[in-house]
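Here is coords-v5.txt, consisting of compact mmCIF, C-alpha atoms:
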```txt
# COMPACT_ATOMS: atom_id res chain seq x y z
CA MET A 27 -45.06 4.43 -3.01
CA ASN A 28 -41.87 5.55 -4.81
CA VAL A 29 -41.57 8.53 -2.47
CA LEU A 30 -41.67 6.20 0.55
CA LYS A 31 -38.91 4.01 -0.97
CA TYR A 32 -36.73 7.08 -1.56
CA LEU A 33 -37.30 8.33 2.00
CA ILE A 34 -36.27 4.94 3.40
CA ILE A 35 -33.13 4.91 1.23
CA ILE A 36 -32.25 8.44 2.35
CA LEU A 37 -32.76 7.52 6.02
CA VAL A 38 -30.50 4.48 5.64
CA ILE A 39 -27.79 6.58 3.96
CA VAL A 40 -28.03 9.31 6.61
CA SER A 41 -27.89 6.83 9.52
CA THR A 42 -24.95 4.99 7.93
CA SER A 43 -23.11 8.27 7.32
CA ALA A 44 -23.76 9.45 10.87
CA ASP A 45 -22.34 6.21 12.28
CA ALA A 46 -19.33 6.34 9.95
CA GLN A 47 -18.53 9.81 11.27
CA ASN A 48 -18.06 8.64 14.87
CA PHE A 49 -14.31 8.49 14.18
CA ASP A 50 -11.54 10.00 12.10
CA LEU A 51 -9.18 7.60 10.31
CA PRO A 52 -6.52 9.25 8.11
CA VAL A 53 -5.81 8.28 4.52
CA PRO A 54 -2.18 8.89 3.49
CA GLU A 55 -1.62 10.54 0.13
CA LYS A 56 -2.04 8.11 -2.81
CA TRP A 57 -3.42 5.35 -0.56
CA THR A 58 -6.82 3.88 -1.46
CA THR A 59 -9.73 2.93 0.78
CA GLU A 60 -12.44 0.30 1.03
CA THR A 61 -15.12 -0.50 3.58
CA PHE A 62 -16.63 -3.95 4.21
CA PRO A 63 -19.35 -5.21 6.54
CA ILE A 64 -18.49 -7.39 9.53
CA PRO A 65 -19.13 -10.35 9.76
CA ILE A 66 -16.55 -10.64 6.98
CA GLU A 67 -17.59 -12.62 3.92
CA PHE A 68 -14.40 -14.72 3.78
CA ALA A 69 -14.11 -15.13 7.58
CA PRO A 70 -17.63 -15.79 8.92
CA GLU A 71 -16.16 -17.41 12.06
CA ILE A 72 -15.41 -13.89 13.34
CA LYS A 73 -18.72 -13.09 15.02
CA TYR A 74 -18.26 -9.36 15.51
CA LYS A 75 -20.77 -6.87 14.10
CA GLY A 76 -19.68 -3.64 12.45
CA GLU A 77 -17.48 -2.48 9.59
CA GLU A 78 -13.94 -2.96 8.36
CA HIS A 79 -12.26 0.19 7.03
CA VAL A 80 -9.15 -0.47 4.92
CA ARG A 81 -6.27 1.79 3.80
CA PHE A 82 -4.12 0.27 1.02
CA SER A 83 -0.61 1.53 0.24
CA PRO A 84 -0.06 2.25 -3.48
CA GLY A 85 2.11 -0.87 -3.88
CA TRP A 86 0.27 -3.27 -1.55
CA GLY A 87 -0.70 -5.61 -4.41
CA ASP A 88 2.52 -5.32 -6.45
CA SER A 89 4.84 -8.28 -5.86
CA LYS A 90 7.81 -6.16 -7.04
CA SER A 91 7.10 -3.27 -4.66
CA GLU A 92 8.57 -2.81 -1.19
CA GLU A 93 4.99 -1.85 -0.21
CA LEU A 94 3.69 -5.35 -1.02
CA TRP A 95 1.12 -6.34 1.64
CA THR A 96 1.57 -3.01 3.43
CA TYR A 97 -1.85 -1.82 4.47
CA PHE A 98 -3.98 -0.81 7.42
CA PHE A 99 -7.41 -1.93 8.50
CA MET A 100 -9.74 -1.05 11.33
CA TRP A 101 -12.58 -3.10 12.77
CA TRP A 102 -15.22 -0.65 14.00
CA ILE A 103 -17.29 -3.06 16.07
CA ASN A 104 -19.82 -3.28 18.88
CA ALA A 105 -18.52 -2.26 22.31
CA ASP A 106 -19.33 -5.66 23.84
CA SER A 107 -16.91 -7.41 21.43
CA GLU A 108 -14.29 -9.40 23.33
CA ILE A 109 -10.75 -8.71 22.13
CA THR A 110 -7.94 -10.55 23.91
CA GLU A 111 -4.65 -12.16 22.95
CA LYS A 112 -6.55 -15.44 22.45
CA THR A 113 -9.41 -14.01 20.36
CA LEU A 114 -7.01 -11.94 18.23
CA THR A 115 -4.93 -15.05 17.52
CA GLU A 116 -8.05 -16.98 16.46
CA HIS A 117 -9.47 -14.12 14.43
CA LEU A 118 -6.24 -13.36 12.56
CA GLN A 119 -6.01 -17.08 11.76
CA TYR A 120 -9.60 -17.10 10.42
CA TYR A 121 -9.10 -13.80 8.59
CA TYR A 122 -5.95 -14.71 6.66
CA SER A 123 -6.92 -18.37 6.11
CA GLY A 124 -10.18 -17.17 4.60
CA LEU A 125 -8.46 -14.49 2.52
CA VAL A 126 -5.93 -16.97 1.12
CA GLY A 127 -8.62 -19.61 0.53
CA ARG A 128 -10.86 -17.20 -1.37
CA ASN A 129 -8.00 -16.00 -3.57
CA ILE A 130 -6.73 -19.50 -4.35
CA ILE A 131 -10.14 -20.27 -5.82
CA ARG A 132 -10.57 -16.93 -7.63
CA ARG A 133 -7.06 -16.98 -9.08
CA LYS A 134 -7.06 -20.75 -9.81
CA ILE A 135 -3.84 -21.23 -7.82
CA ASP A 136 -2.47 -24.74 -7.46
CA SER A 137 -3.43 -25.89 -3.93
CA THR A 138 -0.05 -27.65 -3.53
CA LEU A 139 1.50 -24.17 -3.17
CA VAL A 140 -0.54 -23.43 -0.06
CA VAL A 141 1.31 -23.27 3.25
CA PRO A 142 -0.51 -23.42 6.59
CA THR A 143 -1.69 -20.03 7.80
CA VAL A 144 -0.39 -19.46 11.32
CA ALA A 145 -1.04 -16.42 13.53
CA ARG A 146 0.82 -15.57 16.73
CA VAL A 147 -0.22 -12.69 18.99
CA VAL A 148 1.31 -11.33 22.21
CA LYS A 149 0.16 -8.43 24.33
CA SER A 150 2.57 -5.51 24.27
CA ASP A 151 4.00 -3.97 27.43
CA LYS A 152 3.46 -0.54 25.87
CA ILE A 153 0.74 1.52 27.55
CA ILE A 154 -1.70 3.29 25.25
CA SER A 155 -4.56 5.48 26.37
CA SER A 156 -8.05 3.96 26.26
CA GLY A 157 -6.95 0.46 25.26
CA ASN A 158 -4.39 -2.26 24.67
CA GLU A 159 -1.66 -2.96 22.14
CA TYR A 160 -0.70 -6.34 20.66
CA ILE A 161 2.14 -7.50 18.43
CA ALA A 162 1.36 -10.24 15.93
CA GLU A 163 2.91 -12.26 13.14
CA VAL A 164 1.01 -14.08 10.40
CA GLN A 165 2.65 -16.72 8.20
CA MET A 166 0.71 -17.54 5.03
CA LEU A 167 0.84 -17.98 1.27
CA ASP A 168 1.31 -14.69 -0.55
CA TYR A 169 -1.15 -15.43 -3.34
CA LEU A 170 0.23 -12.47 -5.31
CA SER A 171 3.80 -13.76 -5.65
CA LEU A 172 2.96 -17.45 -4.93
CA ARG A 173 5.52 -17.64 -2.11
CA PRO A 174 5.24 -17.95 1.67
CA ILE A 175 5.23 -14.61 3.46
CA THR A 176 5.33 -13.41 7.05
CA LEU A 177 3.28 -10.34 7.89
CA ASN A 178 4.18 -8.20 10.90
CA VAL A 179 1.07 -6.79 12.56
CA ASN A 180 0.67 -4.11 15.22
CA VAL A 181 -2.80 -4.01 16.79
CA GLN A 182 -4.22 -1.28 18.97
CA VAL A 183 -7.62 -1.80 20.59
CA ILE A 184 -9.35 1.40 21.67
CA ARG A 185 -12.73 1.70 23.41
CA CYS A 186 -14.40 4.77 21.95
CA ASP A 187 -17.76 5.02 23.65
CA ASN A 188 -20.52 2.81 25.02
CA GLU A 189 -21.28 1.53 21.53
CA HIS A 190 -17.96 0.99 19.71
CA VAL A 191 -14.51 -0.53 19.92
CA ALA A 192 -11.87 0.25 17.29
CA ALA A 193 -9.30 -2.47 16.55
CA LEU A 194 -6.52 -0.84 14.49
CA PHE A 195 -4.31 -3.24 12.48
CA ALA A 196 -1.06 -1.96 10.90
CA VAL A 197 0.30 -4.66 8.54
CA SER A 198 3.52 -5.10 6.55
CA PRO A 199 6.06 -7.83 5.82
CA GLN A 200 8.75 -5.18 6.18
CA PRO A 201 10.82 -5.18 9.40
CA LEU A 202 9.54 -2.80 12.08
CA SER A 203 12.55 -0.53 11.43
CA HIS A 204 11.45 0.10 7.79
CA PRO A 205 10.21 3.66 6.99
CA LEU A 206 6.82 2.29 5.89
CA TRP A 207 6.03 1.64 9.55
CA ALA A 208 6.18 5.40 10.21
CA VAL A 209 3.31 5.80 7.73
CA LEU A 210 1.34 2.93 9.29
CA HIS A 211 1.85 4.34 12.79
CA SER A 212 0.76 7.79 11.57
CA ILE A 213 -2.61 6.26 10.61
CA GLN A 214 -2.92 4.65 14.05
CA GLN A 215 -1.93 7.85 15.82
CA GLY A 216 -4.28 9.89 13.62
CA PHE A 217 -7.29 7.79 14.60
CA LYS A 218 -9.70 9.77 16.76
CA CYS A 219 -12.95 8.80 18.41
CA LYS A 220 -15.53 11.53 17.98
CA LYS A 221 -17.58 12.42 21.03
```
Render the structure in this file as structure tokens.
Amino acid sequence: MNVLKYLIIILVIVSTSADAQNFDLPVPEKWTTETFPIPIEFAPEIKYKGEEHVRFSPGWGDSKSEELWTYFFMWWINADSEITEKTLTEHLQYYYSGLVGRNIIRRKIDSTLVVPTVARVVKSDKIISSGNEYIAEVQMLDYLSLRPITLNVNVQVIRCDNEHVAALFAVSPQPLSHPLWAVLHSIQQGFKCKK
């Protein structure tokens, strides 16, 4: 019976690894990574199925760093997932409201400090191959510094194959002219669907 359990575990690991290798997503030097299942624990209203792959800048969680809240995440989701200006607006609202809400509880932050989380998304005029680009802004409580913050977000949606869509989110409160955006865009540009 133990042999059967081990074979099942190995098959699950192999199938997960094979699926995870359907794309390349760069990791800049000194950045860290995490992967989460979708639906997302703190944003169950987002009904997609798949995985979230995150790239954190070294200073993303340091309130004294210019890299504060500078990170990148990708939703690797089912190909039939609808992604439009409207759904992105709703999903960013759910995502960051849930993230703030979870951290207020975990960090025992005074709820009077909370500001409404507001997401705005517009479709970009820029043409990208195999998908669409969106520009977004998210206003929320920065639960790290306990101040309101506005995150600038660039989203590229790329259809990879008959089974997957990649939604690539570059995020930073820094203005789009800041050098950190070159790093974020290098992750987006380095993303490759594997055939």
Gln200 in chain A surroundings by all atoms listed in the file, 12 Å radius, close-in-sequence under 4 positions cut, as a PyMOL selection string:
chain A and resi 86+91-97+163+175-179+196+204-208+210
Atom pair CA of Glu77 in chain A / CA of Phe62 in chain A: separation (Å)
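Taking CA of Glu77 in chain A as the start and CA of Phe62 in chain A as the end point, the length is 5.6 Å.
For the set A:Leu139, A:Ala192, A:Ala145, A:Ala105, the residue with the smallest atom-to-atom gap to Val164 in chain A is A:Ala145, counting all atoms listed in the file.
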Write out as a list in words each polymer residue whose atoms come within 10 Å of range 141-143 of chain A, counting only C-alpha atoms; drop sequence neighbours fewer than 6 positions from it.
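Skipping anything fewer than 6 positions along the chain leaves Leu118, Gln119, Tyr120, Tyr121, Tyr122, Ser123, Gly124, Val126, Val164, Gln165, Met166, Leu167, Asp168, Arg173, Pro174, Ile175 and Thr176 of chain A.
Atom pair CA of Lys112 in chain A / CA of Arg146 in chain A: separated by 9.3 Å.
At a cut-off of 6 Å from (-6.2, -4.8, 14.2), the residue set is A:Met100, A:Val181, A:Ala193, A:Leu194, A:Phe195 (counting all atoms listed in the file).
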Edge lengths and centre in Å, axis-aligned, range 179-198 of chain A plus 8 Å each side, as AutoDock Vina command-line options:
```
--center_x -8.9 --center_y -0.9 --center_z 15.8 --size_x 40.8 --size_y 27.8 --size_z 34.5
```
From the set A:Lys75, A:Phe98, A:Ile130, A:Ser150, which residue has the shortest atom-to-atom contact distance to Trp57 in chain A, counting only C-alpha atoms?
A:Phe98
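With distances restricted to all atoms listed in the file, A:Tyr160 is the closest residue to Thr115 in chain A from A:Phe49, A:Tyr160, A:Tyr169, A:Phe217.
Put simply, CA of Gln215 in chain A is 12.3 Å away from CA of Asn180 in chain A.
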Choose the residue, out of A:Leu51, A:Leu172, A:Leu114, A:Val183, that has the smallest atom-to-atom separation from Thr138 in chain A; count only C-alpha atoms.
A:Leu172
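In terms of minimum interatomic distance to Ile213 in chain A, A:Gln182 ranks closest within A:Pro199, A:Glu78, A:Ser171, A:Gln182, counting all atoms listed in the file.
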Nearest candidate to Pro84 in chain A (options A:Asn104, A:Thr58, A:Ser198, A:Asn48; using all atoms listed in the file)
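Ranking A:Asn104, A:Thr58, A:Ser198, A:Asn48 by distance to Pro84 in chain A, first place goes to A:Thr58.
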Residue contacts of His79 in chain A (8 Å, only C-alpha atoms) excluding same-chain residues fewer than 5 positions away, as a PyMOL selection string
chain A and resi 59-62+99-102
